[in-house]
Each structure stands twice: as C-alpha cells, then as structure tokens.
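One structure below.
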Amino acid sequence: MPAERTIVRRTVSAVSAATLKSTKKTAQAAHIKNVAIHEPKKPVAVDEDISTVHPYPLTARERENAINQNTGRKITVFQFQVYDLCAQIPKGQISTYKHISEALQSSPRAVGQALKINPYAPLPVPCHRVLDSKLYIGGFSGQWGEGEKIDNKKAKLFHEGVVFDETDHVAVATRENLIFDGFNVPINKKIKVTAAI
DNA sequence: GTCATAACGTTCT
DNA sequence: AGAACGTTATGAC
C-alpha cells in the first residue's frame with residue numbers, strides 16, 4: 001500500500017535581481033540560463049495562498065461581457081476554453097501547456113498567452129499547476145524562470161505536494177501519476193473543420 | 001548536454 | 001499586416 005509520502009521541506013530560492021533582466025530573450029534561452037546559474041539562496045517571503053476563489057462565470061450569457069480585471073479587456077472564447085481545462089487540474093497534480101493545447105487542438109504558445117493573464121488565479125483556475133513540457137517550473141504571471149512570481153508558483157505547488165529538484169524541474173522520482181490527464185473537453189470545442197478539397 | 005531557429009495559434013497594435 | 005507570447009520540435013554542435 002502506498003506509504004505516507006515523505007516530503008522534504010526545502011526553501012524557495014530568492015531572486016537574483018541581476019538575472020531578471022536577462023530573461024527577456026526567448027523562453028528556451030531563459031530556461032537554460034536559469035538552470036545553469038541556479039544556486040542556493042536565502043529564503044524569501046512568498047505568497048502560498050491557494051484558497052482565494054474568484055467568481056467564475058459559467059453560462060454563455062455571463063461570459064459574453066466578462067472583463068479580465070488584469071487587463072481590462074474582454075475575455076475571449078478561447079481564453080475561457082483554456083481556463084475551463086485548467087480548472088479541472090486537481091490539487092496535487094499538474095499539467096503542461098502542451099497537454100492543454102492538444103486537448104483544445106491549439107498551440108502551447110496560445111495557451112501560455114491565455115494563462116499569463118488568467119484573472120481567476122489561484123482558484124478556480126489554478127494556472128500555477130501548469131508547467132512546461134519538460135516539467136520545468138516555467139513561468140508565472142508574466143515572469144519566466146526566476147523571480148518573485150516564480151517563487152510564488154513554486155510555493156503554491158510545494159504546498160500542494162509537488163516537489164522540485166535543484167534545477168527547478170519536478171523531481172523525477174515523484175513524477176508517477178502526477179500529470180493530470182482527464183480533461184473533459186466539450187464536444188463543440190474539439191471540432192475542427194477539415195476542408196475536403 | 002547547449003544553442004539557434006522555425007513553426008505553432010491567438011491576441012494586440 | 002506585423003509583432004508578441006508563461007511553447008515546442010528539430011537539428012547542429
């Protein structure tokens with residue numbers, strides 16, 4: 001039977017301010033750079049709040065005029081599709097930009113773009129549970145790789161039992177059954193018209 | 001393993 | 001029409 005999982009408490013590394021400026025290149029480059037320069041830092045205060053629940057419109061009528069409070073713009077149909085799927089990821093599990101994009105027959109960049117401005121974080125749309133395809137910590141709230149925002153993301157996940165290694169990837173030994181794969185995608189969102197020429 | 005580059009879908013200007 | 005993204009795949013070291 002599954003023994004009690006032992007999770008070693010580890011501190012969340014502080015931001016290296018000097019490296020923040022250098023993360024404005026491609027995501028991949030930033031990813032590699034941050035892995036390479038990682039070193040233990042003193043702990044910083046982090047926001048571990050995973051209990052704030054925002055009102056979430058469910059009907060088409062409510063969604064028609066929904067405004068994203070982060071951007072002041074209307075929330076698009078696609079963005080709601082992404083948020084609907086993200087909201088299905090249970091506490092203690094994670095998903096990836098790629099998984100979500102495949103479920104929606106979209107692209108990982110489009111998913112990332114929608115999650116970046118997620119107005120329903122951390123609940124009911126726990127975008128901190130979405131990582132990149134290598135299970136690297138990835139980005140949060142516009143930052144990528146390192147920073148206070150990333151520390152918050154890591155802290156939330158840690159609080160939910162997700163363990164990262166020293167390179168900010170999900171610890172390999174803990175990956176089994178970690179990735180949520182039960183997305184419920186409404187039929188009308190899966191339809192893709194292929195032109196019969 | 002690192003690094004550059006192209007391709008992806010969506011959104012904003 | 002062009003640029004920007006919380007991405008990913010591929011190919012060349």
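Quick note on naming: the chains in the structure tokens go A, B, ... in the order shown, residues restart at 1 in each chain, and ligands are numbered from 1 in order of appearance.
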Could the residues of chain A within 6 Å of chain B, counting only C-alpha atoms (C1' of nucleotides), be given as a list in words, please?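 So the contacting residues turn out to be Ser106, Ser107 and Ala110 of chain A.
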What are the nearest atom pairs, with distances in Å to one decimal, for all residues of chain C that come at most 7 Å from chain A, using only C-alpha atoms (C1' of nucleotides), set out by chain and rising residue number as JSON lines?
```
{"residue": "C:DC5", "atom": "C1'", "partner": "A:Gln113", "partner_atom": "CA", "distance": 5.4}
{"residue": "C:DG6", "atom": "C1'", "partner": "A:Gly139", "partner_atom": "CA", "distance": 4.2}
{"residue": "C:DT7", "atom": "C1'", "partner": "A:Arg109", "partner_atom": "CA", "distance": 4.8}
```
What does the structure give for the distance between CA of Gln81 (chain A) and CA of Ala121 (chain A), in Å to one decimal?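 Interatomic distance here is 15.2 Å.
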Would you kindly return, as a ChimeraX atom specification, each protein, DNA or RNA residue with an atom no farther than 12 Å from any atom of region 64-67 of chain A, considering only C-alpha atoms (C1' of nucleotides) and excluding same-chain residues fewer than 5 positions away? /A:55-59,72-77,79-80,117-120
Judged by only C-alpha atoms, the minimum distance to Ile179 (chain A) among A:Leu85, A:Lys156, A:Gln105, A:Arg129 is found for A:Arg129
Region 78-152 of chain A: which residues are alpha helix (DSSP H) by DSSP, as a count of residues only? 30
d(CA of Glu148 (chain A), CA of Asn68 (chain A)) in Å: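 For CA of Glu148 (chain A) relative to CA of Asn68 (chain A), the distance reads 22.6 Å.
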Please identify the strand (DSSP E) residues within region 32-197 of chain A (assignment by DSSP from backbone atoms) and present them as a VMD selection string. chain A and resid 95 to 96 130 to 131 139 to 140 143 to 144
Quick one: pull the distance between CA of Glu160 (chain A) and CA of Pro90 (chain A), Å, one decimal.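 Between CA of Glu160 (chain A) and CA of Pro90 (chain A) the gap is 9.8 Å.
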